[in-house]
2 protein chains.
Amino acid sequence: MSVPAPDLAAIRAAAVRIKPWARVTPLLHWDALDAELGATLLFKPEQLQRSGAFKFRGACNAVFSLDEAQARRGVVTHSSGNHGGALARAAQLRGIPANVVVPEGATQAKLEAIVACGARITRCAPTQAAREEAAEALRQRTGATLVHPYTDPAVMAGQGTVALELLEQSGGVDTLLVPVGGGGLASGCAIAGHGINPRLRLFAAEPAGAADALASLRAGHHVTDIRPDTICDGLRATIGEVNFDCLRQHQVEVLAVDDNETLAAMRRVARELKQVIEPSSATVVAALLRHRQRFAGQRVGVVLSGGNVDLAAWAALVAG
Amino acid sequence: MSVPAPDLAAIRAAAVRIKPWARVTPLLHWDALDAELGATLLFKPEQLQRSGAFKFRGACNAVFSLDEAQARRGVVTHSSGNHGGALARAAQLRGIPANVVVPEGATQAKLEAIVACGARITRCAPTQAAREEAAEALRQRTGATLVHPYTDPAVMAGQGTVALELLEQSGGVDTLLVPVGGGGLASGCAIAGHGINPRLRLFAAEPAGAADALASLRAGHHVTDIRPDTICDGLRATIGEVNFDCLRQHQVEVLAVDDNETLAAMRRVARELKQVIEPSSATVVAALLRHRQRFAGQRVGVVLSGGNVDLAAWAALVAG
């Protein structure tokens with residue numbers, strides 16, 4: 001793949017483009033965890049973003065970047081759910097068609113959100129190859145523009161607005177921590193973060209059961225043969241090559257966390273921060289707790305990526 | 001009782017006094033409910049306040065209003081939980097002792113929060129008389145200042161800062177909706193709200209199983225013989241006389257909601273607004289849905305009062 005990564009200017013342009021549609025999410029504080037870690041944590045709750053996840057930023061930037069002729073033919077993507085829901089919502093706002101390829105195993109609430117926005121769903125096997133093949137077939141048949149969930153430069157730029165906003169709202173942080181799956185958020189935030197503050201320390205939390213970003217950084221090349229086995233349905237995708245290149249270039253340290261740590265973190269977030277977040281989001285809190293020595297004494301921006309859950313199943317997990 | 005209600009100046013003074021300690025909670029948006037009701041809703045999520053409920057504002061104002069000699073003798077109160085936790089936290093911040101009388105049936109998490117702040121707990125029967133007697137006995141024995149959970153003018157003034165903040169952040173609303181139990185929040189917000197905008201429409205949501213405020217307004221006098229039977233543990237107290245007088249004076253309309261409506265609302269808040277709130281908080285969302293004709297076409301400030309729950313029990317309710 002030879003997709004170029006966006007630069008800070010593209011991320012600033014994305015912020016302007018999505019401003020009429022996206023929410024400025026607030027910063028949340030968590031005193032007890034601050035005290036426990038000896039750090040100052042500033043949480044960016046993207047579960048409060050339109051469509052319930054940061055994904056709306058990238059999808060919205062991509063959809064509103066299309067020219068009129070492109071837009072009329074619609075958009076297509078593959079997604080475990082949140083990018084699909086976000087793209088469907090953005091397409092609905094622009095009044096254009098959207099097709100979303102969703103692998104088996106996706107969260108029901110995410111499927112329903114896609115349909116509720118008037119998009120069409122195509123199911124596929126839960127593998128990276130099946131996702132990409134099905135989306136490509138749809139693209140060829142419809143002439144729609146493929147909006148890749150994390151390698152699309154407009155998507156990466158949109159996701160980078162999370163860091164842009166966080167850095168502006170917080171008056172600056174020492175360290176930024178985000179979850180990593182396909183790497184759209186991690187790479188966009190790395191570019192925005194280092195664009196604003198070259199000394200910013202960057203971390204990404206990854207499920208140990210889908211740690212292809214960590215494996216790629218360790219191997220020094222793009223590792224794509226890891227089979228995901230994690231409860232974090234939003235982080236099962238293989239990191240994109242452009243996203244991996246970004247993580248390497250910006251010296252992002254990937255912190256692996258086990259699903260049981262993630263679930264415990266999700267429970268604490270519900271009890272103490274009063275937020276409903278999905279397991280993928282909770283990886284960052286698990287990483288704060290497991291790798292606490294990385295964060296002690298720091299002012300840390302922490303991105304909670306989304307909160308789209310099947311409520312009954314989520315409640316059962318939270319009840320423990 | 002001949003306690004004077006605070007005025008807008010007292011509420012503004014409270015806002016200054018608690019500023020170093022209290023959180024400025026953000027405003028949250030809920031697009032789907034806006035569309036459903038044909039209204040613009042601005043939610044004030046006090047579950048994000050210190051101690052997990054708006055109660056911290058009033059308790060903090062009361063504790064930091066004490067002179068040095070008073071403060072040294074400590075504070076005492078009775079509370080179903082949130083005021084107790086808030087007072088314990090405020091007393092801890094000032095470094096003074098706190099005693100809290102808690103009726104049987106209180107939420108375990110609220111009890112633990114009180115103890116975690118170093119306050120002492122005394123249990124009593126779940127009646128208004130038992131609460132007040134036990135607190136009075138403690139006051140006489142210790143010389144501590146009684147900080148009544150809703151009739152104390154400093155508490156009412158602190159709670160009024162919720163409306164003050166909401167009106168500033170929102171750039172103004174047509175209508176304000178809060179829950180009513182003892183009436184500290186409802187009366188403080190009525191005074192602040194009408195002080196800033198005399199044409200503001202005021203509503204309070206009350207559980208049908210503890211609708212003493214509604215009964216009092218209908219009877220035209222303070223009705224105190226209602227036995228509470230509601231899942232809303234924070235709204236079982238009988239409205240205070242000064243609080244009732246305020247509601248009447250400010251023409252607050254009380255909207256009764258059934259517990260099953262409140263539980264359904266709590267589920268929707270978790271699923272759609274991604275917030276963990278306690279049943280007492282969800283009464284306002286139930287009132288929006290049940291009495292929707294009151295809110296159509298309006299710009300409505302809605303106060304979510306708190307989110308202190310026993311997580312396993314809450315999750316079971318949410319899973320339905």
# chains A, B, ... in the order shown; residues from 1 in each chain; ligands from 1
call {"tool": "residues_around", "arguments": {"residues": "stretch 80-87 of chain A", "least_positions_apart": "4", "cutoff": "7 Å", "atoms": "only C-alpha atoms", "output": "list of chain:residue names"}}
result
A:Ser51, A:Ala53, A:Lys55, A:Phe56, A:Ala59, A:Cys60, A:Ala91, A:Val100, A:Val102, A:Pro103, A:Ala106, A:Thr107, A:Lys110, A:Leu111, A:Ala113, A:Ile114, A:Pro149, A:Asp233, A:Gly234
call {"tool": "write_last_selection", "arguments": {"atoms": "N, CA, C and O atoms", "output": "compact mmCIF listing (two decimals), in the first residue's frame"}}
result
# COMPACT_ATOMS: atom_id res chain seq x y z
N SER A 51 -22.81 9.03 17.00
CA SER A 51 -22.74 7.61 16.67
C SER A 51 -22.04 6.80 17.76
O SER A 51 -21.82 5.61 17.59
N ALA A 53 -18.97 6.81 19.06
CA ALA A 53 -17.55 6.44 18.98
C ALA A 53 -16.78 7.50 18.20
O ALA A 53 -17.37 8.23 17.38
N LYS A 55 -15.14 7.19 15.77
CA LYS A 55 -15.17 6.85 14.34
C LYS A 55 -15.95 7.86 13.51
O LYS A 55 -15.71 8.00 12.31
N PHE A 56 -16.89 8.55 14.14
CA PHE A 56 -17.67 9.54 13.39
C PHE A 56 -16.79 10.63 12.82
O PHE A 56 -17.08 11.17 11.74
N ALA A 59 -15.07 9.24 9.55
CA ALA A 59 -16.08 8.97 8.52
C ALA A 59 -16.66 10.27 8.00
O ALA A 59 -16.86 10.44 6.79
N CYS A 60 -16.92 11.18 8.90
CA CYS A 60 -17.51 12.47 8.53
C CYS A 60 -16.53 13.26 7.65
O CYS A 60 -16.93 13.86 6.63
N ALA A 91 -23.00 9.54 5.89
CA ALA A 91 -23.63 9.46 4.57
C ALA A 91 -25.07 9.96 4.65
O ALA A 91 -25.55 10.68 3.76
N VAL A 100 -22.18 -1.20 3.91
CA VAL A 100 -21.22 -1.59 4.93
C VAL A 100 -21.08 -3.11 4.99
O VAL A 100 -22.08 -3.81 5.16
N VAL A 102 -19.96 -6.17 7.11
CA VAL A 102 -19.75 -6.42 8.54
C VAL A 102 -19.42 -7.89 8.75
O VAL A 102 -20.17 -8.76 8.31
N PRO A 103 -18.31 -8.19 9.43
CA PRO A 103 -17.96 -9.59 9.69
C PRO A 103 -18.89 -10.21 10.72
O PRO A 103 -19.42 -9.51 11.59
N ALA A 106 -20.06 -9.38 14.98
CA ALA A 106 -20.20 -7.96 15.34
C ALA A 106 -21.31 -7.79 16.36
O ALA A 106 -22.23 -8.60 16.45
N THR A 107 -21.23 -6.73 17.13
CA THR A 107 -22.22 -6.40 18.14
C THR A 107 -23.55 -6.02 17.48
O THR A 107 -23.58 -5.23 16.55
N LYS A 110 -24.47 -2.39 17.08
CA LYS A 110 -23.75 -1.69 16.03
C LYS A 110 -24.41 -1.94 14.67
O LYS A 110 -24.54 -1.04 13.84
N LEU A 111 -24.85 -3.19 14.44
CA LEU A 111 -25.57 -3.51 13.21
C LEU A 111 -26.85 -2.68 13.11
O LEU A 111 -27.17 -2.12 12.07
N ALA A 113 -27.53 0.14 14.44
CA ALA A 113 -27.24 1.56 14.22
C ALA A 113 -26.97 1.82 12.74
O ALA A 113 -27.36 2.85 12.19
N ILE A 114 -26.30 0.89 12.09
CA ILE A 114 -26.01 1.04 10.66
C ILE A 114 -27.32 1.05 9.86
O ILE A 114 -27.56 1.92 9.03
N PRO A 149 -11.64 1.81 6.84
CA PRO A 149 -11.83 2.21 8.23
C PRO A 149 -10.60 2.81 8.91
O PRO A 149 -10.75 3.49 9.93
N ASP A 233 -14.26 -6.27 20.48
CA ASP A 233 -14.71 -6.46 19.10
C ASP A 233 -14.26 -5.32 18.18
O ASP A 233 -14.16 -5.50 16.97
N GLY A 234 -13.97 -4.18 18.75
CA GLY A 234 -13.55 -3.05 17.91
C GLY A 234 -12.06 -3.06 17.60
O GLY A 234 -11.58 -2.22 16.83
call {"tool": "interface_residues", "arguments": {"of": "chain A", "to": "chain B", "cutoff": "8 Å", "atoms": "only C-alpha atoms", "output": "PyMOL selection string"}}
result
chain A and resi 26+28+47-48+270-271+273-277+307-309+311-313+315-316+318-320
call {"tool": "write_last_selection", "arguments": {"atoms": "N, CA and C atoms", "output": "tab-separated table (two decimals), in the first residue's frame"}}
result
chain	number	residue	atom	x	y	z
A	26	PRO	N	-16.32	16.52	26.00
A	26	PRO	CA	-15.65	17.21	27.12
A	26	PRO	C	-14.44	16.41	27.61
A	28	LEU	N	-13.11	14.44	31.02
A	28	LEU	CA	-13.60	13.94	32.30
A	28	LEU	C	-12.42	13.68	33.25
A	47	GLN	N	-17.30	8.03	23.62
A	47	GLN	CA	-18.62	7.40	23.65
A	47	GLN	C	-19.71	8.47	23.58
A	48	LEU	N	-19.35	9.71	23.87
A	48	LEU	CA	-20.31	10.82	23.77
A	48	LEU	C	-20.31	11.47	22.39
A	270	ALA	N	-17.47	1.96	34.84
A	270	ALA	CA	-18.91	2.09	35.10
A	270	ALA	C	-19.15	2.56	36.53
A	271	ARG	N	-18.47	1.94	37.49
A	271	ARG	CA	-18.71	2.24	38.89
A	271	ARG	C	-18.20	3.63	39.28
A	273	LEU	N	-16.35	6.12	37.08
A	273	LEU	CA	-16.42	7.24	36.13
A	273	LEU	C	-17.84	7.39	35.57
A	274	LYS	N	-18.72	6.44	35.92
A	274	LYS	CA	-20.16	6.49	35.55
A	274	LYS	C	-20.36	6.46	34.04
A	275	GLN	N	-19.46	5.78	33.33
A	275	GLN	CA	-19.55	5.75	31.88
A	275	GLN	C	-19.76	4.32	31.37
A	276	VAL	N	-20.64	4.21	30.38
A	276	VAL	CA	-20.82	2.95	29.67
A	276	VAL	C	-19.86	2.96	28.49
A	277	ILE	N	-18.82	2.15	28.59
A	277	ILE	CA	-17.88	2.06	27.47
A	277	ILE	C	-17.77	0.62	27.02
A	307	GLY	N	-18.74	3.64	23.06
A	307	GLY	CA	-19.62	3.02	24.05
A	307	GLY	C	-20.81	2.31	23.44
A	308	ASN	N	-20.61	1.69	22.28
A	308	ASN	CA	-21.72	0.99	21.65
A	308	ASN	C	-21.71	-0.47	22.05
A	309	VAL	N	-22.66	-0.84	22.89
A	309	VAL	CA	-22.70	-2.18	23.45
A	309	VAL	C	-24.10	-2.78	23.33
A	311	LEU	N	-26.65	-3.93	25.45
A	311	LEU	CA	-26.73	-3.55	26.86
A	311	LEU	C	-26.87	-4.74	27.79
A	312	ALA	N	-27.69	-5.72	27.43
A	312	ALA	CA	-27.90	-6.85	28.34
A	312	ALA	C	-26.59	-7.64	28.52
A	313	ALA	N	-25.89	-7.87	27.42
A	313	ALA	CA	-24.63	-8.61	27.49
A	313	ALA	C	-23.59	-7.80	28.26
A	315	ALA	N	-24.18	-5.53	30.54
A	315	ALA	CA	-24.57	-5.49	31.95
A	315	ALA	C	-24.16	-6.79	32.65
A	316	ALA	N	-24.28	-7.91	31.93
A	316	ALA	CA	-23.88	-9.19	32.51
A	316	ALA	C	-22.38	-9.19	32.79
A	318	VAL	N	-20.54	-6.53	33.34
A	318	VAL	CA	-20.26	-5.55	34.39
A	318	VAL	C	-20.67	-6.08	35.77
A	319	ALA	N	-21.77	-6.84	35.79
A	319	ALA	CA	-22.22	-7.41	37.06
A	319	ALA	C	-21.20	-8.43	37.57
A	320	GLY	N	-20.40	-8.95	36.64
A	320	GLY	CA	-19.31	-9.85	37.01
A	320	GLY	C	-19.83	-11.18	37.51
call {"tool": "residues_around", "arguments": {"residues": "A:Ala35", "least_positions_apart": "6", "cutoff": "12 Å", "atoms": "only C-alpha atoms", "output": "NGL selection string"}}
result
:A and (29 or 41 or 292 or 296-297)
call {"tool": "write_last_selection", "arguments": {"atoms": "all heavy atoms", "output": "PDB file, in the first residue's frame"}}
result
ATOM      1  N   HIS A  29     -12.682  13.871  34.521  1.00  0.00           N
ATOM      2  CA  HIS A  29     -11.670  13.672  35.565  1.00  0.00           C
ATOM      3  C   HIS A  29     -12.040  12.459  36.412  1.00  0.00           C
ATOM      4  O   HIS A  29     -13.211  12.149  36.567  1.00  0.00           O
ATOM      5  CB  HIS A  29     -11.591  14.906  36.455  1.00  0.00           C
ATOM      6  CG  HIS A  29     -11.339  16.164  35.682  1.00  0.00           C
ATOM      7  ND1 HIS A  29     -10.087  16.678  35.495  1.00  0.00           N
ATOM      8  CD2 HIS A  29     -12.180  16.985  35.030  1.00  0.00           C
ATOM      9  CE1 HIS A  29     -10.175  17.777  34.759  1.00  0.00           C
ATOM     10  NE2 HIS A  29     -11.437  17.989  34.462  1.00  0.00           N
ATOM     11  N   LEU A  41      -4.957  12.450  35.079  1.00  0.00           N
ATOM     12  CA  LEU A  41      -5.564  11.838  33.907  1.00  0.00           C
ATOM     13  C   LEU A  41      -6.672  12.722  33.365  1.00  0.00           C
ATOM     14  O   LEU A  41      -7.493  13.232  34.125  1.00  0.00           O
ATOM     15  CB  LEU A  41      -6.142  10.470  34.281  1.00  0.00           C
ATOM     16  CG  LEU A  41      -5.177   9.518  35.006  1.00  0.00           C
ATOM     17  CD1 LEU A  41      -5.921   8.288  35.497  1.00  0.00           C
ATOM     18  CD2 LEU A  41      -4.027   9.124  34.089  1.00  0.00           C
ATOM     19  N   ARG A 292       1.483   1.096  35.080  1.00  0.00           N
ATOM     20  CA  ARG A 292       1.344   2.386  35.772  1.00  0.00           C
ATOM     21  C   ARG A 292       2.646   3.148  35.909  1.00  0.00           C
ATOM     22  O   ARG A 292       2.647   4.372  35.986  1.00  0.00           O
ATOM     23  CB  ARG A 292       0.687   2.193  37.133  1.00  0.00           C
ATOM     24  CG  ARG A 292       1.413   1.273  38.078  1.00  0.00           C
ATOM     25  CD  ARG A 292       0.580   1.099  39.361  1.00  0.00           C
ATOM     26  NE  ARG A 292      -0.637   0.328  39.118  1.00  0.00           N
ATOM     27  CZ  ARG A 292      -1.672   0.292  39.961  1.00  0.00           C
ATOM     28  NH1 ARG A 292      -1.642   1.000  41.087  1.00  0.00           N
ATOM     29  NH2 ARG A 292      -2.727  -0.447  39.694  1.00  0.00           N
ATOM     30  N   ALA A 296       3.238   7.463  35.952  1.00  0.00           N
ATOM     31  CA  ALA A 296       3.387   8.155  37.241  1.00  0.00           C
ATOM     32  C   ALA A 296       4.017   9.529  37.038  1.00  0.00           C
ATOM     33  O   ALA A 296       4.979   9.682  36.287  1.00  0.00           O
ATOM     34  CB  ALA A 296       4.232   7.299  38.184  1.00  0.00           C
ATOM     35  N   GLY A 297       3.452  10.512  37.708  1.00  0.00           N
ATOM     36  CA  GLY A 297       4.001  11.863  37.638  1.00  0.00           C
ATOM     37  C   GLY A 297       3.667  12.602  36.352  1.00  0.00           C
ATOM     38  O   GLY A 297       4.055  13.757  36.186  1.00  0.00           O
TER      39      GLY A 297
END
call {"tool": "atom_distance", "arguments": {"atom1": "atom CA of A:Pro179", "atom2": "atom CA of A:Ile191"}}
result
15.2 Å
call {"tool": "select_by_dssp", "arguments": {"residues": "stretch 68-274 of chain A", "states": "alpha helix (DSSP H)", "output": "PyMOL selection string"}}
result
chain A and resi 68-73+82-94+108-116+128-142+153-170+184-196+212-219+241-249+259-268
call {"tool": "residues_around", "arguments": {"residues": "B:Arg294", "least_positions_apart": "3", "cutoff": "12 Å", "atoms": "only C-alpha atoms", "output": "list of chain:residue names"}}
result
B:Leu37, B:Gly38, B:Ala39, B:Asp174, B:Thr175, B:Leu176, B:Leu177, B:Arg201, B:Leu202, B:Phe203, B:Ala204, B:Glu253, B:Val254, B:Leu255, B:Ala287, B:Leu288, B:Leu289, B:Arg290, B:His291, B:Gly297, B:Gln298, B:Arg299, B:Val300
call {"tool": "select_by_dssp", "arguments": {"residues": "stretch 142-245 of chain A", "states": "strand (DSSP E or B)", "output": "mmCIF file with C-alpha atoms, in the first residue's frame"}}
result
data_model
loop_
_atom_site.group_PDB
_atom_site.id
_atom_site.type_symbol
_atom_site.label_atom_id
_atom_site.label_comp_id
_atom_site.auth_asym_id
_atom_site.auth_seq_id
_atom_site.Cartn_x
_atom_site.Cartn_y
_atom_site.Cartn_z
ATOM 1 C CA THR A 145 -15.930 5.338 -2.969
ATOM 2 C CA LEU A 146 -14.242 2.950 -0.550
ATOM 3 C CA THR A 175 1.532 11.760 27.465
ATOM 4 C CA LEU A 176 -1.248 10.484 25.233
ATOM 5 C CA LEU A 177 -2.812 7.010 25.465
ATOM 6 C CA VAL A 178 -5.263 5.596 22.914
ATOM 7 C CA PRO A 179 -6.457 2.098 21.957
ATOM 8 C CA ARG A 201 5.011 10.632 24.805
ATOM 9 C CA LEU A 202 2.691 8.309 22.884
ATOM 10 C CA PHE A 203 1.181 5.013 24.024
ATOM 11 C CA ALA A 204 -1.363 2.667 22.488
ATOM 12 C CA ALA A 205 -3.254 -0.066 24.355
ATOM 13 C CA GLU A 206 -3.793 -3.325 22.483
ATOM 14 C CA PRO A 207 -5.551 -6.553 23.515
#
call {"tool": "residues_around", "arguments": {"residues": "B:Thr122", "least_positions_apart": "6", "cutoff": "10 Å", "atoms": "only C-alpha atoms", "output": "JSON list (two decimals) with C-alpha atoms, in the first residue's frame"}}
result
[["chain", "number", "residue", "atom", "x", "y", "z"],
["B", 78, "HIS", "CA", -28.91, 12.43, 58.09],
["B", 99, "ASN", "CA", -21.11, 12.07, 61.49],
["B", 100, "VAL", "CA", -23.77, 10.73, 59.16],
["B", 101, "VAL", "CA", -27.09, 9.12, 60.14],
["B", 102, "VAL", "CA", -28.15, 6.68, 57.42],
["B", 103, "PRO", "CA", -31.54, 4.95, 57.33],
["B", 131, "ARG", "CA", -33.48, 10.28, 60.82],
["B", 134, "ALA", "CA", -30.79, 10.44, 65.54],
["B", 135, "ALA", "CA", -29.07, 13.42, 63.93],
["B", 138, "LEU", "CA", -25.59, 13.32, 67.69]]
call {"tool": "atom_distance", "arguments": {"atom1": "atom CA of A:Tyr150", "atom2": "atom CA of A:Gly182"}}
result
5.8 Å
call {"tool": "atom_distance", "arguments": {"atom1": "atom CA of A:Ile18", "atom2": "atom CA of A:Gln92"}}
result
14.3 Å
call {"tool": "closest_residue", "arguments": {"among": "A:Ile11, A:Ala237, A:Val63, A:Ala32", "to": "A:Gly193", "atoms": "only C-alpha atoms"}}
result
A:Ile11
call {"tool": "residues_around", "arguments": {"residues": "B:Ala192", "least_positions_apart": "4", "cutoff": "6 Å", "atoms": "only C-alpha atoms", "output": "compact mmCIF listing (two decimals) with C-alpha atoms, in the first residue's frame"}}
result
# COMPACT_ATOMS: atom_id res chain seq x y z
CA LEU B 8 -29.55 34.60 43.96
CA GLY B 160 -28.68 26.20 43.13
CA LEU B 164 -26.50 28.81 37.61
call {"tool": "closest_residue", "arguments": {"among": "A:Cys246, A:Ala15, A:Ala219, A:Ala190", "to": "A:Glu165", "atoms": "only C-alpha atoms"}}
result
A:Ala15
call {"tool": "residues_around", "arguments": {"residues": "A:Thr127", "least_positions_apart": "6", "cutoff": "10 Å", "atoms": "only C-alpha atoms", "output": "number ranges by chain"}}
result
A: 103-104, 227-228, 236-238
